[in-house]
Amino acid sequence: MTTAAFSASRRLAARERVLDAFLAAEHERLAGACLDMARAFQRGGLLIPFGTGAAASDAAHVVVEFMHPVIVGKRALPAVTSTGEPDGRRFLRTIGRAGDIALGISQRAPDPGVEAFLEQGTRAGLLTIALTAGVRADADHAFAVPTDDPGIAQEVQETAYHVLWELVHVFFEHPGLLEESCITCGDVAVTARVVEVDGSTATVELGGTRESVAVDLLDEVRPGELVLCHAGVALERVEEPVAPRPVRATPTPPGVDEDPSGFLYPFLGSREPAVADVLADVAASTLRKGADTIALRRAIDTEAVGTCAHALRDALQAGGRLVTFGNGGSATDAQDAASDALEAGWPALSLVADSATITAVGNDVGFENVFARQLIPLGRPGDVALAFSTSGSSPSVIAALEEAHRRGMLTCALTGYAGGRLVELPWLDHLLSVPGDYVPRLQEAHATIWHLMLEEVGTR
């Protein structure tokens, strides 16, 4: 193992520890955020993600995931970000309305822009969600990645917003759970269990549904106690019921239907699962997805990453520029890579940033030429073409790499799916292929590979 590969392996292990710690602490609350997002979407809510600096590309990535689902059969969900509008608060005042979802993303603390965005969301009655680094923001659902490294924070946040997108759809499969109900608003008081206490209020649960109630009438309410509630107020404590002695059931004779009339009313036996059960399943799924992310990162060829990083560094130090491109979610990865390189002091540009040129080329000469056409006037010998393509077979990406090769540029590509058509290009200088075929996990691995490369390149 080379020194660069050893360094990359060590840094991968550090990332694994941070992701493990984040998901261990937040998986249940991520499930709760998925439920609240599903309810907001069900009521017609709009998702409005916002980020400053490099996190702006993450906001765009969120929009792509929700608007253009890669999972066949999943519904497209409305989302829009403030492209070209750096003031998230002003954008939210114009676009947002009560019942929408404001998602703030920040990889550095403090971040006044994201804080102001979330404050505006709260004032306007939006559901607020925050993905930050180090310090938890003030939001309905706030998640802080335990690190001060912006690159690691971004990678964990990408996993988090992929999980939010993947698992919000679980609740659409149980529409009955999306109708919020007041468990203490009936004519009769109900007995509920206290799950959390915060000063003069407590969260109580009944049948998987939770509600906040006032506990001023009771002394020292504790989690786990039973309380009698009505109209949002806890009235008195209730003793734990005594469990009845088990009664041996008489077995149903073989061949006899337990409910012979069931076929007449099949809907009577089909009930929605309890909210708590679905939340538990979603929380467990979050942990499994985190394990999948870690497993895929462990499969990264750190030797190849180190070799590509050294070639990139040599080209940049010799006066070359980094030119990035990709489609969809990979376009936001390309934009993020260019932003990171610029912040590190290296000349970089992303071919996905100019929507006017992209749409002009796509309309006039075909979408497969949207990047190659830009490289004709922009690409120079000694520059570096860095492509992101989860499939490895995107025509626009392949055409751009071919044009870059013709112009004497260093050609590098990050992909999945065993390399796709990119493995057929014998002149491709560096192909970093992640052995997987699920787009969100591949994109997370690509973000890690890029950050490992940039860490090896260093700052200017």
# chains A, B, ... in the order shown; residues from 1 in each chain; ligands from 1

$ closest_atom_pairs --of "region 12-44 of chain A" --to "region 133-138 of chain A" --cutoff "12 Å" --atoms "only C-alpha atoms" --output "Markdown table"
| residue | atom | partner | partner_atom | distance |
| --- | --- | --- | --- | --- |
| A:Val18 | CA | A:Ala133 | CA | 11.2 |
| A:Phe22 | CA | A:Ala133 | CA | 10.7 |
| A:Glu26 | CA | A:Arg136 | CA | 11.9 |

$ select_by_dssp --residues "region 204-436 of chain A" --states "strand (DSSP E or B)" --output "MDAnalysis selection string"
chainID A and resid 204:206 209:214 226:230 233:238 322:326 348:350 384:389 410:415 430:433

$ residues_around --residues "Ala31 (chain A)" --least-positions-apart "2" --cutoff "8 Å" --atoms "only C-alpha atoms" --output "list in words"
His27, Glu28, Arg29, Ala33, Cys34, Leu35, Leu164, Leu167, Leu279, Ala280, Val282, Ala283 and Thr286 of chain A

$ residues_around --residues "region 308-311 of chain A" --least-positions-apart "2" --cutoff "7 Å" --atoms "only C-alpha atoms" --output "CSV table (one decimal) with C-alpha atoms, in the first residue's frame"
chain,number,residue,atom,x,y,z
A,304,ALA,CA,-6.3,4.4,-7.7
A,305,VAL,CA,-7.7,7.4,-5.8
A,306,GLY,CA,-4.2,8.3,-4.7
A,313,ARG,CA,-2.1,17.9,-8.3
A,314,ASP,CA,0.7,17.9,-10.9
A,315,ALA,CA,-1.7,19.3,-13.5
A,430,HIS,CA,-8.1,7.6,-14.6
A,453,MET,CA,-8.6,13.5,-3.7
A,456,GLU,CA,-4.3,14.8,-1.1
A,457,VAL,CA,-4.0,17.7,-3.5

$ residues_around --residues "Thr81 (chain A)" --least-positions-apart "4" --cutoff "8 Å" --atoms "only C-alpha atoms" --output "NGL selection string"
:A and (48-50 or 59-60 or 63)

$ write_last_selection --atoms "N, CA and C atoms" --output "PDB file, in the first residue's frame"
ATOM      1  N   ILE A  48     -38.469  23.421   0.144  1.00  0.00           N
ATOM      2  CA  ILE A  48     -37.594  24.525  -0.255  1.00  0.00           C
ATOM      3  C   ILE A  48     -36.256  24.370   0.462  1.00  0.00           C
ATOM      4  N   PRO A  49     -35.285  23.703  -0.157  1.00  0.00           N
ATOM      5  CA  PRO A  49     -33.961  23.583   0.454  1.00  0.00           C
ATOM      6  C   PRO A  49     -33.102  24.807   0.142  1.00  0.00           C
ATOM      7  N   PHE A  50     -32.186  25.130   1.061  1.00  0.00           N
ATOM      8  CA  PHE A  50     -31.315  26.292   0.877  1.00  0.00           C
ATOM      9  C   PHE A  50     -29.975  26.034   1.543  1.00  0.00           C
ATOM     10  N   ALA A  59     -28.340  21.805  -1.849  1.00  0.00           N
ATOM     11  CA  ALA A  59     -29.749  22.191  -1.966  1.00  0.00           C
ATOM     12  C   ALA A  59     -30.287  21.813  -3.342  1.00  0.00           C
ATOM     13  N   ALA A  60     -29.476  22.043  -4.377  1.00  0.00           N
ATOM     14  CA  ALA A  60     -29.888  21.647  -5.728  1.00  0.00           C
ATOM     15  C   ALA A  60     -30.001  20.135  -5.845  1.00  0.00           C
ATOM     16  N   VAL A  63     -33.303  18.949  -4.515  1.00  0.00           N
ATOM     17  CA  VAL A  63     -34.392  19.189  -5.465  1.00  0.00           C
ATOM     18  C   VAL A  63     -34.435  18.090  -6.518  1.00  0.00           C
TER      19      VAL A  63
END

$ atom_distance --atom1 "CA of Leu12 (chain A)" --atom2 "CA of Gly290 (chain A)"
14.2 Å

$ closest_residue --among "A:Arg210, A:His162, A:Arg10, A:Arg460" --to "Ala341 (chain A)" --atoms "only C-alpha atoms"
A:Arg460

$ closest_residue --among "A:Leu23, A:Val233, A:Ala98, A:Ala372" --to "Ala144 (chain A)" --atoms "only C-alpha atoms"
A:Leu23

$ residues_around --residues "region 378-382 of chain A" --least-positions-apart "3" --cutoff "10 Å" --atoms "only C-alpha atoms" --output "MDAnalysis selection string"
chainID A and resid 314:316 318:323 349 351 372:375 385 403:410

$ write_last_selection --atoms "N, CA and C atoms" --output "PDB file, in the first residue's frame"
ATOM      1  N   ASP A 314      -0.411  17.484  -9.937  1.00  0.00           N
ATOM      2  CA  ASP A 314       0.651  17.853 -10.880  1.00  0.00           C
ATOM      3  C   ASP A 314       0.115  18.774 -11.973  1.00  0.00           C
ATOM      4  N   ALA A 315      -1.080  18.450 -12.480  1.00  0.00           N
ATOM      5  CA  ALA A 315      -1.663  19.266 -13.547  1.00  0.00           C
ATOM      6  C   ALA A 315      -2.000  20.668 -13.049  1.00  0.00           C
ATOM      7  N   LEU A 316      -2.570  20.762 -11.863  1.00  0.00           N
ATOM      8  CA  LEU A 316      -2.933  22.071 -11.317  1.00  0.00           C
ATOM      9  C   LEU A 316      -1.692  22.901 -11.005  1.00  0.00           C
ATOM     10  N   ALA A 318       1.017  22.777 -12.505  1.00  0.00           N
ATOM     11  CA  ALA A 318       1.632  23.169 -13.777  1.00  0.00           C
ATOM     12  C   ALA A 318       0.824  24.246 -14.500  1.00  0.00           C
ATOM     13  N   GLY A 319      -0.258  24.718 -13.875  1.00  0.00           N
ATOM     14  CA  GLY A 319      -1.052  25.784 -14.471  1.00  0.00           C
ATOM     15  C   GLY A 319      -2.352  25.339 -15.096  1.00  0.00           C
ATOM     16  N   GLY A 320      -2.698  24.066 -14.978  1.00  0.00           N
ATOM     17  CA  GLY A 320      -3.951  23.585 -15.536  1.00  0.00           C
ATOM     18  C   GLY A 320      -5.154  23.995 -14.703  1.00  0.00           C
ATOM     19  N   ARG A 321      -6.334  23.880 -15.298  1.00  0.00           N
ATOM     20  CA  ARG A 321      -7.587  24.177 -14.611  1.00  0.00           C
ATOM     21  C   ARG A 321      -8.413  22.900 -14.487  1.00  0.00           C
ATOM     22  N   LEU A 322      -9.191  22.831 -13.428  1.00  0.00           N
ATOM     23  CA  LEU A 322     -10.113  21.712 -13.241  1.00  0.00           C
ATOM     24  C   LEU A 322     -11.442  22.063 -13.893  1.00  0.00           C
ATOM     25  N   VAL A 323     -11.947  21.166 -14.741  1.00  0.00           N
ATOM     26  CA  VAL A 323     -13.235  21.358 -15.415  1.00  0.00           C
ATOM     27  C   VAL A 323     -14.114  20.156 -15.073  1.00  0.00           C
ATOM     28  N   LEU A 349     -13.756  25.290 -12.911  1.00  0.00           N
ATOM     29  CA  LEU A 349     -15.054  25.708 -13.423  1.00  0.00           C
ATOM     30  C   LEU A 349     -15.904  24.473 -13.668  1.00  0.00           C
ATOM     31  N   LEU A 351     -19.060  22.867 -15.884  1.00  0.00           N
ATOM     32  CA  LEU A 351     -19.819  23.024 -17.123  1.00  0.00           C
ATOM     33  C   LEU A 351     -21.323  22.897 -16.908  1.00  0.00           C
ATOM     34  N   ALA A 372     -19.461  18.724 -24.262  1.00  0.00           N
ATOM     35  CA  ALA A 372     -18.411  18.712 -25.285  1.00  0.00           C
ATOM     36  C   ALA A 372     -18.343  20.053 -26.005  1.00  0.00           C
ATOM     37  N   ARG A 373     -19.513  20.635 -26.284  1.00  0.00           N
ATOM     38  CA  ARG A 373     -19.539  21.914 -27.001  1.00  0.00           C
ATOM     39  C   ARG A 373     -18.851  23.007 -26.180  1.00  0.00           C
ATOM     40  N   GLN A 374     -19.013  22.981 -24.874  1.00  0.00           N
ATOM     41  CA  GLN A 374     -18.373  23.985 -24.024  1.00  0.00           C
ATOM     42  C   GLN A 374     -16.860  23.791 -23.964  1.00  0.00           C
ATOM     43  N   LEU A 375     -16.423  22.537 -24.075  1.00  0.00           N
ATOM     44  CA  LEU A 375     -14.988  22.264 -24.009  1.00  0.00           C
ATOM     45  C   LEU A 375     -14.249  22.737 -25.262  1.00  0.00           C
ATOM     46  N   ALA A 385     -10.184  17.258 -17.037  1.00  0.00           N
ATOM     47  CA  ALA A 385     -11.619  16.997 -17.173  1.00  0.00           C
ATOM     48  C   ALA A 385     -12.004  15.956 -16.128  1.00  0.00           C
ATOM     49  N   GLU A 403     -13.918  14.754 -26.210  1.00  0.00           N
ATOM     50  CA  GLU A 403     -13.454  16.081 -26.624  1.00  0.00           C
ATOM     51  C   GLU A 403     -12.266  16.526 -25.770  1.00  0.00           C
ATOM     52  N   ALA A 404     -12.323  16.245 -24.476  1.00  0.00           N
ATOM     53  CA  ALA A 404     -11.208  16.604 -23.595  1.00  0.00           C
ATOM     54  C   ALA A 404      -9.936  15.877 -24.010  1.00  0.00           C
ATOM     55  N   HIS A 405     -10.068  14.602 -24.348  1.00  0.00           N
ATOM     56  CA  HIS A 405      -8.904  13.819 -24.791  1.00  0.00           C
ATOM     57  C   HIS A 405      -8.317  14.411 -26.071  1.00  0.00           C
ATOM     58  N   ARG A 406      -9.174  14.799 -26.999  1.00  0.00           N
ATOM     59  CA  ARG A 406      -8.684  15.392 -28.249  1.00  0.00           C
ATOM     60  C   ARG A 406      -7.922  16.688 -27.992  1.00  0.00           C
ATOM     61  N   ARG A 407      -8.260  17.375 -26.919  1.00  0.00           N
ATOM     62  CA  ARG A 407      -7.637  18.665 -26.641  1.00  0.00           C
ATOM     63  C   ARG A 407      -6.447  18.546 -25.692  1.00  0.00           C
ATOM     64  N   GLY A 408      -6.019  17.338 -25.407  1.00  0.00           N
ATOM     65  CA  GLY A 408      -4.833  17.158 -24.586  1.00  0.00           C
ATOM     66  C   GLY A 408      -5.055  17.380 -23.108  1.00  0.00           C
ATOM     67  N   MET A 409      -6.280  17.221 -22.652  1.00  0.00           N
ATOM     68  CA  MET A 409      -6.585  17.377 -21.233  1.00  0.00           C
ATOM     69  C   MET A 409      -6.392  16.049 -20.510  1.00  0.00           C
ATOM     70  N   LEU A 410      -6.068  16.106 -19.217  1.00  0.00           N
ATOM     71  CA  LEU A 410      -6.065  14.916 -18.375  1.00  0.00           C
ATOM     72  C   LEU A 410      -7.517  14.506 -18.165  1.00  0.00           C
TER      73      LEU A 410
END

$ residues_around --residues "Leu177 (chain A)" --least-positions-apart "3" --cutoff "9 Å" --atoms "only C-alpha atoms" --output "VMD selection string"
chain A and resid 35 39 171 to 172 174 180 272 to 275

$ write_last_selection --atoms "C-alpha atoms" --output "PDB file, in the first residue's frame"
ATOM      1  CA  LEU A  35     -43.221  11.383   8.796  1.00  0.00           C
ATOM      2  CA  ARG A  39     -47.690  14.812   6.062  1.00  0.00           C
ATOM      3  CA  PHE A 171     -45.356   6.744   4.757  1.00  0.00           C
ATOM      4  CA  PHE A 172     -47.181   7.269   1.456  1.00  0.00           C
ATOM      5  CA  HIS A 174     -49.848   4.060   4.699  1.00  0.00           C
ATOM      6  CA  GLU A 180     -52.915  14.008  11.937  1.00  0.00           C
ATOM      7  CA  GLU A 272     -53.093   0.660   9.105  1.00  0.00           C
ATOM      8  CA  PRO A 273     -50.108  -0.269  11.260  1.00  0.00           C
ATOM      9  CA  ALA A 274     -49.469   1.943  14.268  1.00  0.00           C
ATOM     10  CA  VAL A 275     -47.394   5.055  13.634  1.00  0.00           C
TER      11      VAL A 275
END

$ closest_residue --among "A:Val197, A:Val370, A:Ala189, A:Glu211" --to "Cys229 (chain A)" --atoms "only C-alpha atoms"
A:Ala189

$ closest_residue --among "A:Thr390, A:Ser330, A:Asn369, A:Ser285" --to "Val64 (chain A)" --atoms "only C-alpha atoms"
A:Ser330

$ select_by_dssp --residues "region 35-200 of chain A" --states "alpha helix (DSSP H)" --output "ChimeraX atom specification"
/A:35-42,55-67,88-95,112-123,150-172

$ atom_distance --atom1 "CA of Arg17 (chain A)" --atom2 "CA of Ile300 (chain A)"
16.6 Å

$ closest_residue --among "A:Asp187, A:Asp36, A:Asp20, A:Glu424" --to "Asp100 (chain A)" --atoms "only C-alpha atoms"
A:Asp36

$ atom_distance --atom1 "CA of Asn363 (chain A)" --atom2 "CA of Thr332 (chain A)"
21.5 Å

$ closest_residue --among "A:Gly104, A:Gly73, A:Gly99, A:Gly88" --to "Met37 (chain A)" --atoms "only C-alpha atoms"
A:Gly99
